[in-house]
$ cat protein-v5.cif   # mmCIF, N, CA and C atoms
data_model
#
loop_
_atom_site.label_atom_id
_atom_site.label_comp_id
_atom_site.auth_asym_id
_atom_site.auth_seq_id
_atom_site.Cartn_x
_atom_site.Cartn_y
_atom_site.Cartn_z
N MET A 1 21.77 -17.87 32.86
CA MET A 1 21.86 -17.16 31.61
C MET A 1 20.59 -16.32 31.44
N LYS A 2 20.77 -15.05 31.14
CA LYS A 2 19.65 -14.15 30.92
C LYS A 2 19.36 -14.06 29.42
N LEU A 3 18.10 -14.23 29.06
CA LEU A 3 17.71 -14.17 27.65
C LEU A 3 17.57 -12.73 27.20
N GLU A 4 17.78 -12.51 25.92
CA GLU A 4 17.81 -11.17 25.35
C GLU A 4 16.50 -10.86 24.63
N ARG A 5 16.08 -9.60 24.71
CA ARG A 5 14.89 -9.14 23.99
C ARG A 5 15.05 -7.65 23.68
N VAL A 6 14.12 -7.13 22.88
CA VAL A 6 14.13 -5.70 22.56
C VAL A 6 13.69 -4.93 23.80
N GLN A 7 14.49 -3.94 24.18
CA GLN A 7 14.20 -3.16 25.39
C GLN A 7 13.65 -1.78 25.04
N ARG A 8 14.28 -1.10 24.08
CA ARG A 8 13.88 0.26 23.69
C ARG A 8 14.03 0.42 22.19
N VAL A 9 13.21 1.32 21.62
CA VAL A 9 13.34 1.68 20.22
C VAL A 9 13.26 3.20 20.14
N ILE A 10 14.27 3.80 19.50
CA ILE A 10 14.31 5.25 19.33
C ILE A 10 14.11 5.58 17.85
N SER A 11 13.16 6.46 17.58
CA SER A 11 12.89 6.95 16.23
C SER A 11 13.60 8.29 16.07
N SER A 12 14.26 8.51 14.93
CA SER A 12 14.94 9.79 14.71
C SER A 12 13.93 10.93 14.54
N ARG A 13 12.68 10.60 14.17
CA ARG A 13 11.65 11.63 14.00
C ARG A 13 10.80 11.85 15.25
N LEU A 14 10.53 10.78 16.01
CA LEU A 14 9.54 10.85 17.08
C LEU A 14 10.11 10.63 18.48
N GLY A 15 11.38 10.29 18.58
CA GLY A 15 11.97 10.01 19.89
C GLY A 15 11.71 8.56 20.31
N GLU A 16 11.74 8.32 21.62
CA GLU A 16 11.54 6.96 22.12
C GLU A 16 10.10 6.53 21.91
N LEU A 17 9.92 5.35 21.32
CA LEU A 17 8.58 4.83 21.07
C LEU A 17 8.07 4.10 22.30
N PRO A 18 6.79 4.26 22.64
CA PRO A 18 6.25 3.66 23.87
C PRO A 18 5.89 2.19 23.70
N ILE A 19 6.91 1.34 23.55
CA ILE A 19 6.63 -0.08 23.32
C ILE A 19 6.13 -0.73 24.61
N GLN A 20 5.23 -1.69 24.44
CA GLN A 20 4.74 -2.45 25.57
C GLN A 20 5.79 -3.45 26.01
N GLU A 21 5.71 -3.88 27.26
CA GLU A 21 6.61 -4.92 27.73
C GLU A 21 6.39 -6.16 26.87
N LYS A 22 7.46 -6.71 26.37
CA LYS A 22 7.42 -7.86 25.46
C LYS A 22 6.61 -7.55 24.21
N GLY A 23 6.62 -6.27 23.79
CA GLY A 23 5.83 -5.84 22.65
C GLY A 23 6.62 -5.58 21.39
N ALA A 24 7.81 -6.21 21.26
CA ALA A 24 8.61 -5.97 20.06
C ALA A 24 9.35 -7.24 19.65
N THR A 25 9.42 -7.45 18.34
CA THR A 25 10.25 -8.51 17.78
C THR A 25 11.11 -7.90 16.68
N PHE A 26 12.37 -8.31 16.63
CA PHE A 26 13.32 -7.76 15.68
C PHE A 26 14.04 -8.90 14.97
N LYS A 27 14.06 -8.82 13.63
CA LYS A 27 14.81 -9.78 12.82
C LYS A 27 15.79 -8.97 11.98
N PRO A 28 17.11 -9.10 12.22
CA PRO A 28 18.07 -8.32 11.44
C PRO A 28 18.13 -8.77 9.99
N ALA A 29 18.61 -7.88 9.15
CA ALA A 29 18.84 -8.22 7.74
C ALA A 29 19.94 -9.27 7.67
N GLY A 30 19.90 -10.07 6.64
CA GLY A 30 20.92 -11.11 6.51
C GLY A 30 20.84 -11.81 5.18
N ILE A 31 21.25 -13.05 5.19
CA ILE A 31 21.28 -13.85 3.96
C ILE A 31 20.43 -15.10 4.19
N LYS A 32 19.56 -15.38 3.22
CA LYS A 32 18.73 -16.58 3.25
C LYS A 32 19.34 -17.58 2.28
N ARG A 33 19.45 -18.81 2.73
CA ARG A 33 20.00 -19.87 1.87
C ARG A 33 18.92 -20.89 1.56
N GLU A 34 18.74 -21.17 0.27
CA GLU A 34 17.76 -22.16 -0.17
C GLU A 34 18.51 -23.36 -0.73
N THR A 35 18.24 -24.51 -0.16
CA THR A 35 18.91 -25.74 -0.58
C THR A 35 18.42 -26.17 -1.95
N LYS A 36 19.36 -26.56 -2.81
CA LYS A 36 19.06 -27.08 -4.15
C LYS A 36 19.63 -28.49 -4.23
N ALA A 37 18.73 -29.46 -4.35
CA ALA A 37 19.16 -30.86 -4.40
C ALA A 37 19.82 -31.18 -5.73
N GLY A 38 20.84 -32.01 -5.67
CA GLY A 38 21.52 -32.48 -6.87
C GLY A 38 21.14 -33.93 -7.15
N GLU A 39 21.55 -34.41 -8.31
CA GLU A 39 21.28 -35.81 -8.66
C GLU A 39 21.96 -36.76 -7.67
N VAL A 40 23.12 -36.36 -7.20
CA VAL A 40 23.85 -37.13 -6.18
C VAL A 40 24.13 -36.19 -5.02
N PRO A 41 24.26 -36.71 -3.80
CA PRO A 41 24.45 -35.84 -2.63
C PRO A 41 25.62 -34.86 -2.78
N GLU A 42 26.67 -35.26 -3.47
CA GLU A 42 27.85 -34.39 -3.63
C GLU A 42 27.53 -33.14 -4.43
N ASN A 43 26.45 -33.18 -5.22
CA ASN A 43 26.08 -32.03 -6.06
C ASN A 43 25.00 -31.16 -5.42
N THR A 44 24.62 -31.45 -4.19
CA THR A 44 23.64 -30.63 -3.49
C THR A 44 24.32 -29.36 -2.99
N GLY A 45 23.64 -28.24 -3.13
CA GLY A 45 24.18 -26.95 -2.71
C GLY A 45 23.07 -26.00 -2.34
N TYR A 46 23.33 -24.74 -2.45
CA TYR A 46 22.32 -23.74 -2.08
C TYR A 46 22.53 -22.46 -2.88
N THR A 47 21.47 -21.66 -2.94
CA THR A 47 21.55 -20.32 -3.50
C THR A 47 21.31 -19.33 -2.36
N GLU A 48 21.84 -18.15 -2.49
CA GLU A 48 21.71 -17.13 -1.46
C GLU A 48 20.93 -15.94 -1.99
N SER A 49 20.15 -15.33 -1.09
CA SER A 49 19.48 -14.07 -1.41
C SER A 49 19.43 -13.20 -0.15
N GLN A 50 19.41 -11.91 -0.35
CA GLN A 50 19.36 -10.97 0.77
C GLN A 50 17.98 -10.98 1.41
N THR A 51 17.93 -10.80 2.72
CA THR A 51 16.68 -10.60 3.43
C THR A 51 16.71 -9.22 4.06
N PHE A 52 15.56 -8.65 4.29
CA PHE A 52 15.46 -7.33 4.88
C PHE A 52 15.30 -7.44 6.39
N ALA A 53 15.55 -6.36 7.10
CA ALA A 53 15.33 -6.31 8.54
C ALA A 53 13.85 -6.03 8.79
N SER A 54 13.33 -6.59 9.89
CA SER A 54 11.93 -6.42 10.24
C SER A 54 11.81 -6.13 11.73
N LEU A 55 11.01 -5.13 12.06
CA LEU A 55 10.75 -4.77 13.46
C LEU A 55 9.24 -4.64 13.63
N LYS A 56 8.66 -5.53 14.45
CA LYS A 56 7.22 -5.50 14.73
C LYS A 56 7.04 -4.96 16.14
N LEU A 57 6.19 -3.93 16.26
CA LEU A 57 6.00 -3.26 17.54
C LEU A 57 4.55 -3.25 17.96
N LYS A 58 4.34 -3.40 19.25
CA LYS A 58 3.04 -3.19 19.87
C LYS A 58 3.27 -2.02 20.83
N LEU A 59 2.67 -0.87 20.49
CA LEU A 59 2.91 0.37 21.24
C LEU A 59 1.71 0.71 22.11
N ASN A 60 2.00 1.34 23.25
CA ASN A 60 0.93 1.90 24.06
C ASN A 60 0.40 3.14 23.36
N ALA A 61 -0.90 3.27 23.25
CA ALA A 61 -1.51 4.45 22.61
C ALA A 61 -1.60 5.54 23.67
N THR A 62 -0.53 6.33 23.78
CA THR A 62 -0.45 7.36 24.81
C THR A 62 -1.07 8.68 24.38
N GLY A 63 -1.37 8.83 23.11
CA GLY A 63 -1.89 10.10 22.60
C GLY A 63 -0.80 11.03 22.11
N LYS A 64 0.46 10.76 22.48
CA LYS A 64 1.58 11.60 22.04
C LYS A 64 1.95 11.33 20.58
N VAL A 65 1.80 10.08 20.16
CA VAL A 65 2.12 9.68 18.79
C VAL A 65 0.90 8.98 18.21
N GLY A 66 0.44 9.46 17.06
CA GLY A 66 -0.71 8.86 16.41
C GLY A 66 -0.31 7.85 15.36
N VAL A 67 -1.25 7.01 14.99
CA VAL A 67 -1.00 5.98 13.97
C VAL A 67 -0.54 6.62 12.66
N GLU A 68 -1.17 7.74 12.29
CA GLU A 68 -0.81 8.38 11.02
C GLU A 68 0.61 8.95 11.05
N GLU A 69 1.10 9.41 12.19
CA GLU A 69 2.47 9.92 12.30
C GLU A 69 3.49 8.81 12.12
N LEU A 70 3.18 7.63 12.62
CA LEU A 70 4.08 6.49 12.46
C LEU A 70 4.15 6.02 11.02
N SER A 71 3.07 6.17 10.28
CA SER A 71 2.97 5.63 8.93
C SER A 71 3.41 6.60 7.84
N MET A 72 3.78 7.83 8.18
CA MET A 72 3.96 8.88 7.18
C MET A 72 5.16 8.70 6.24
N SER A 73 6.35 8.60 6.76
CA SER A 73 7.51 8.58 5.87
C SER A 73 8.62 7.71 6.46
N GLU A 74 9.71 7.62 5.73
CA GLU A 74 10.84 6.82 6.19
C GLU A 74 11.41 7.39 7.48
N ASP A 75 12.04 6.53 8.25
CA ASP A 75 12.58 6.91 9.55
C ASP A 75 13.84 6.09 9.79
N THR A 76 14.69 6.54 10.68
CA THR A 76 15.84 5.76 11.13
C THR A 76 15.55 5.34 12.56
N LEU A 77 15.60 4.04 12.80
CA LEU A 77 15.29 3.49 14.11
C LEU A 77 16.54 2.90 14.73
N THR A 78 16.69 3.07 16.03
CA THR A 78 17.77 2.45 16.79
C THR A 78 17.13 1.51 17.79
N ILE A 79 17.55 0.25 17.75
CA ILE A 79 16.99 -0.79 18.61
C ILE A 79 18.01 -1.12 19.69
N PHE A 80 17.57 -1.10 20.94
CA PHE A 80 18.41 -1.44 22.08
C PHE A 80 17.90 -2.76 22.67
N THR A 81 18.80 -3.70 22.94
CA THR A 81 18.39 -4.97 23.53
C THR A 81 18.77 -5.01 25.01
N THR A 82 18.16 -5.94 25.74
CA THR A 82 18.46 -6.09 27.16
C THR A 82 19.89 -6.58 27.37
N GLY A 83 20.51 -7.15 26.35
CA GLY A 83 21.89 -7.62 26.43
C GLY A 83 22.91 -6.54 26.13
N GLY A 84 22.47 -5.30 25.90
CA GLY A 84 23.38 -4.20 25.65
C GLY A 84 23.75 -4.00 24.19
N LYS A 85 23.15 -4.75 23.28
CA LYS A 85 23.43 -4.58 21.85
C LYS A 85 22.56 -3.47 21.28
N GLN A 86 23.08 -2.84 20.21
CA GLN A 86 22.32 -1.81 19.51
C GLN A 86 22.38 -2.10 18.02
N TYR A 87 21.24 -1.90 17.37
CA TYR A 87 21.13 -2.07 15.92
C TYR A 87 20.48 -0.82 15.36
N MET A 88 20.79 -0.52 14.11
CA MET A 88 20.16 0.62 13.42
C MET A 88 19.42 0.11 12.21
N MET A 89 18.24 0.66 11.98
CA MET A 89 17.48 0.39 10.76
C MET A 89 17.35 1.72 10.00
N PRO A 90 18.34 2.02 9.13
CA PRO A 90 18.27 3.29 8.39
C PRO A 90 17.22 3.22 7.29
N ASN A 91 16.60 4.36 7.02
CA ASN A 91 15.59 4.46 5.96
C ASN A 91 14.50 3.40 6.10
N ALA A 92 14.08 3.14 7.32
CA ALA A 92 13.03 2.14 7.57
C ALA A 92 11.69 2.68 7.11
N TRP A 93 10.87 1.79 6.58
CA TRP A 93 9.54 2.18 6.12
C TRP A 93 8.49 1.33 6.81
N VAL A 94 7.29 1.86 6.92
CA VAL A 94 6.17 1.14 7.50
C VAL A 94 5.59 0.25 6.41
N VAL A 95 5.38 -1.03 6.72
CA VAL A 95 4.89 -2.00 5.75
C VAL A 95 3.47 -1.66 5.31
N GLU A 96 2.59 -1.37 6.26
CA GLU A 96 1.22 -0.95 5.96
C GLU A 96 0.77 -0.04 7.09
N PRO A 97 -0.28 0.74 6.88
CA PRO A 97 -0.72 1.65 7.94
C PRO A 97 -0.94 0.89 9.25
N GLY A 98 -0.60 1.56 10.35
CA GLY A 98 -0.74 0.95 11.67
C GLY A 98 -2.19 0.71 12.03
N GLU A 99 -2.39 -0.07 13.08
CA GLU A 99 -3.73 -0.41 13.53
C GLU A 99 -3.87 0.01 14.99
N LEU A 100 -4.91 0.79 15.27
CA LEU A 100 -5.19 1.24 16.63
C LEU A 100 -6.22 0.31 17.24
N GLY A 101 -5.87 -0.27 18.40
CA GLY A 101 -6.78 -1.19 19.09
C GLY A 101 -7.15 -0.63 20.45
N ASP A 102 -7.31 -1.49 21.42
CA ASP A 102 -7.69 -1.12 22.78
C ASP A 102 -6.49 -0.53 23.51
N ALA A 103 -6.28 0.76 23.36
CA ALA A 103 -5.18 1.50 23.99
C ALA A 103 -3.80 1.03 23.52
N GLU A 104 -3.74 0.42 22.32
CA GLU A 104 -2.47 -0.02 21.77
C GLU A 104 -2.47 0.11 20.26
N MET A 105 -1.26 0.21 19.70
CA MET A 105 -1.09 0.32 18.26
C MET A 105 -0.11 -0.75 17.80
N ASP A 106 -0.41 -1.38 16.67
CA ASP A 106 0.51 -2.34 16.06
C ASP A 106 1.10 -1.69 14.81
N ILE A 107 2.42 -1.83 14.66
CA ILE A 107 3.11 -1.24 13.51
C ILE A 107 4.28 -2.15 13.15
N GLU A 108 4.59 -2.24 11.85
CA GLU A 108 5.73 -3.05 11.41
C GLU A 108 6.60 -2.22 10.47
N TYR A 109 7.90 -2.21 10.76
CA TYR A 109 8.89 -1.52 9.94
C TYR A 109 9.77 -2.54 9.23
N ASN A 110 10.22 -2.20 8.02
CA ASN A 110 11.22 -2.96 7.29
C ASN A 110 12.34 -2.02 6.89
N SER A 111 13.53 -2.59 6.69
CA SER A 111 14.67 -1.82 6.23
C SER A 111 15.60 -2.76 5.46
N GLY A 112 16.30 -2.23 4.50
CA GLY A 112 17.21 -3.05 3.70
C GLY A 112 18.42 -3.53 4.46
N THR A 113 18.82 -2.79 5.50
CA THR A 113 19.99 -3.15 6.30
C THR A 113 19.68 -2.95 7.78
N SER A 114 20.53 -3.53 8.62
CA SER A 114 20.38 -3.36 10.07
C SER A 114 21.73 -3.52 10.75
N PRO A 115 22.67 -2.60 10.49
CA PRO A 115 24.00 -2.77 11.08
C PRO A 115 23.97 -2.72 12.60
N ARG A 116 24.85 -3.52 13.20
CA ARG A 116 25.01 -3.50 14.65
C ARG A 116 25.96 -2.37 14.98
N LEU A 117 25.59 -1.57 15.98
CA LEU A 117 26.40 -0.41 16.36
C LEU A 117 27.38 -0.77 17.45
#
$ encode --input "protein-v5.cif" --output "structure tokens"
Amino acid sequence: MKLERVQRVISSRLGELPIQEKGATFKPAGIKRETKAGEVPENTGYTESQTFASLKLKLNATGKVGVEELSMSEDTLTIFTTGGKQYMMPNAWVVEPGELGDAEMDIEYNSGTSPRL
């Protein structure tokens, strides 16, 4: 069995992002359930709330894309996995300005939805 991971990320504004090998984590939007205990086990249940999609990237600092360009405005991202799945993060925003390190940049995007294509 081959395990799945993020393979490529395409930005509608900047094109393919130069992600490092094993440099991306993706959590799709969904529903979070919080357990609420009852006086008796039969009355135990849960409440639901929406969660947002999150994409954390570690990019190679190639000089083609700067930290400020990544942080500027909303973007639509397409995530490709090694298993052949595709997800979209429409109107994704940068959580906080990116950080430039030793030839690499860290950036995190959030989006309200992440439909599978």
$ closest_residue --input "protein-v5.cif" --among "A:Thr62, A:Gln20, A:Ser12, A:Asn43" --to "Thr78 in chain A" --atoms "only C-alpha atoms"
A:Ser12
$ residues_around --input "protein-v5.cif" --residues "Gly30 in chain A" --least-positions-apart "4" --cutoff "6 Å" --atoms "only N, CA and C atoms" --output "PyMOL selection string"
chain A and resi 49-53
$ atom_distance --input "protein-v5.cif" --atom1 "atom N of Leu57 in chain A" --atom2 "atom C of Glu96 in chain A"
11.3 Å
$ atom_distance --input "protein-v5.cif" --atom1 "CA of Thr76 in chain A" --atom2 "atom N of Leu17 in chain A"
11.8 Å
$ atom_distance --input "protein-v5.cif" --atom1 "CA of Ala61 in chain A" --atom2 "CA of Arg5 in chain A"
21.3 Å
$ select_by_dssp --input "protein-v5.cif" --residues "range 31-95 of chain A" --states "strand (DSSP E or B)" --output "PyMOL selection string"
chain A and resi 31-36+45-51+53-60+75-81+86-94
$ closest_residue --input "protein-v5.cif" --among "A:Met89, A:Ile107, A:Gly112, A:Asp75" --to "Arg13 in chain A" --atoms "all atoms listed in the file"
A:Asp75
$ resolve_selection --input "protein-v5.cif" --expression "the PyMOL selection byres ((chain A and resi 2) around 8)" --output "VMD selection string"
chain A and resid 1 3 to 5 82 to 83
$ resolve_selection --input "protein-v5.cif" --expression "the PyMOL selection byres ((chain A and resi 80) around 8)" --output "number ranges by chain"
A: 5-10, 77-79, 81-88
$ resolve_selection --input "protein-v5.cif" --expression "the PyMOL selection byres ((chain A and resi 67-74) around 6)" --output "PyMOL selection string"
chain A and resi 65-66+75-76+91-94+97-98
$ residues_around --input "protein-v5.cif" --residues "Lys27 in chain A" --least-positions-apart "2" --cutoff "6.5 Å" --atoms "all atoms listed in the file" --output "PyMOL selection string"
chain A and resi 25+29+52-56
$ residues_near_point --input "protein-v5.cif" --point "(1.8, -5.3, 24.4)" --cutoff "6.5 Å" --atoms "all atoms listed in the file" --output "PyMOL selection string"
chain A and resi 19-23+58-59
$ axis_aligned_box --input "protein-v5.cif" --around "range 10-21 of chain A" --padding-each-side "6 Å" --output "AutoDock Vina command-line options"
--center_x 9.8 --center_y 2.8 --center_z 20.9 --size_x 22.2 --size_y 30.0 --size_z 25.7
$ closest_residue --input "protein-v5.cif" --among "A:Pro90, A:Pro115, A:Gly15, A:Gly45" --to "Pro28 in chain A" --atoms "only C-alpha atoms"
A:Pro115
$ decode --input "protein-v5.cif" --residues "range 35-55 of chain A" --atoms "N, CA and C atoms" --output "mmCIF file, in the first residue's frame"
data_model
loop_
_atom_site.group_PDB
_atom_site.id
_atom_site.type_symbol
_atom_site.label_atom_id
_atom_site.label_comp_id
_atom_site.auth_asym_id
_atom_site.auth_seq_id
_atom_site.Cartn_x
_atom_site.Cartn_y
_atom_site.Cartn_z
ATOM 1 N N THR A 35 -18.148 16.184 22.024
ATOM 2 C CA THR A 35 -18.992 15.329 22.857
ATOM 3 C C THR A 35 -19.523 16.118 24.045
ATOM 4 N N LYS A 36 -20.815 15.948 24.325
ATOM 5 C CA LYS A 36 -21.481 16.562 25.474
ATOM 6 C C LYS A 36 -22.032 15.435 26.342
ATOM 7 N N ALA A 37 -21.480 15.310 27.540
ATOM 8 C CA ALA A 37 -21.903 14.237 28.443
ATOM 9 C C ALA A 37 -23.285 14.523 29.011
ATOM 10 N N GLY A 38 -24.070 13.472 29.165
ATOM 11 C CA GLY A 38 -25.381 13.579 29.784
ATOM 12 C C GLY A 38 -25.347 12.994 31.188
ATOM 13 N N GLU A 39 -26.432 13.192 31.914
ATOM 14 C CA GLU A 39 -26.523 12.636 33.272
ATOM 15 C C GLU A 39 -26.448 11.109 33.233
ATOM 16 N N VAL A 40 -27.007 10.526 32.185
ATOM 17 C CA VAL A 40 -26.941 9.077 31.980
ATOM 18 C C VAL A 40 -26.355 8.850 30.586
ATOM 19 N N PRO A 41 -25.698 7.718 30.359
ATOM 20 C CA PRO A 41 -25.044 7.477 29.068
ATOM 21 C C PRO A 41 -25.979 7.645 27.864
ATOM 22 N N GLU A 42 -27.250 7.310 28.028
ATOM 23 C CA GLU A 42 -28.198 7.408 26.913
ATOM 24 C C GLU A 42 -28.409 8.853 26.466
ATOM 25 N N ASN A 43 -28.104 9.815 27.351
ATOM 26 C CA ASN A 43 -28.308 11.228 27.027
ATOM 27 C C ASN A 43 -27.028 11.916 26.543
ATOM 28 N N THR A 44 -25.964 11.163 26.361
ATOM 29 C CA THR A 44 -24.715 11.731 25.844
ATOM 30 C C THR A 44 -24.851 11.922 24.341
ATOM 31 N N GLY A 45 -24.366 13.047 23.856
ATOM 32 C CA GLY A 45 -24.441 13.363 22.426
ATOM 33 C C GLY A 45 -23.306 14.270 22.022
ATOM 34 N N TYR A 46 -23.515 15.023 20.990
ATOM 35 C CA TYR A 46 -22.462 15.922 20.511
ATOM 36 C C TYR A 46 -23.069 17.127 19.805
ATOM 37 N N THR A 47 -22.260 18.179 19.693
ATOM 38 C CA THR A 47 -22.611 19.344 18.894
ATOM 39 C C THR A 47 -21.648 19.400 17.717
ATOM 40 N N GLU A 48 -22.082 19.988 16.638
ATOM 41 C CA GLU A 48 -21.260 20.081 15.440
ATOM 42 C C GLU A 48 -20.945 21.535 15.117
ATOM 43 N N SER A 49 -19.745 21.749 14.578
ATOM 44 C CA SER A 49 -19.374 23.068 14.071
ATOM 45 C C SER A 49 -18.486 22.888 12.840
ATOM 46 N N GLN A 50 -18.531 23.842 11.953
ATOM 47 C CA GLN A 50 -17.723 23.798 10.732
ATOM 48 C C GLN A 50 -16.255 24.057 11.056
ATOM 49 N N THR A 51 -15.365 23.395 10.334
ATOM 50 C CA THR A 51 -13.941 23.687 10.412
ATOM 51 C C THR A 51 -13.485 24.181 9.048
ATOM 52 N N PHE A 52 -12.436 24.946 9.015
ATOM 53 C CA PHE A 52 -11.911 25.484 7.775
ATOM 54 C C PHE A 52 -10.817 24.577 7.231
ATOM 55 N N ALA A 53 -10.501 24.732 5.961
ATOM 56 C CA ALA A 53 -9.399 23.997 5.348
ATOM 57 C C ALA A 53 -8.097 24.714 5.679
ATOM 58 N N SER A 54 -7.018 23.936 5.826
ATOM 59 C CA SER A 54 -5.717 24.497 6.163
ATOM 60 C C SER A 54 -4.647 23.840 5.300
ATOM 61 N N LEU A 55 -3.771 24.656 4.733
ATOM 62 C CA LEU A 55 -2.651 24.168 3.927
ATOM 63 C C LEU A 55 -1.385 24.854 4.418
#
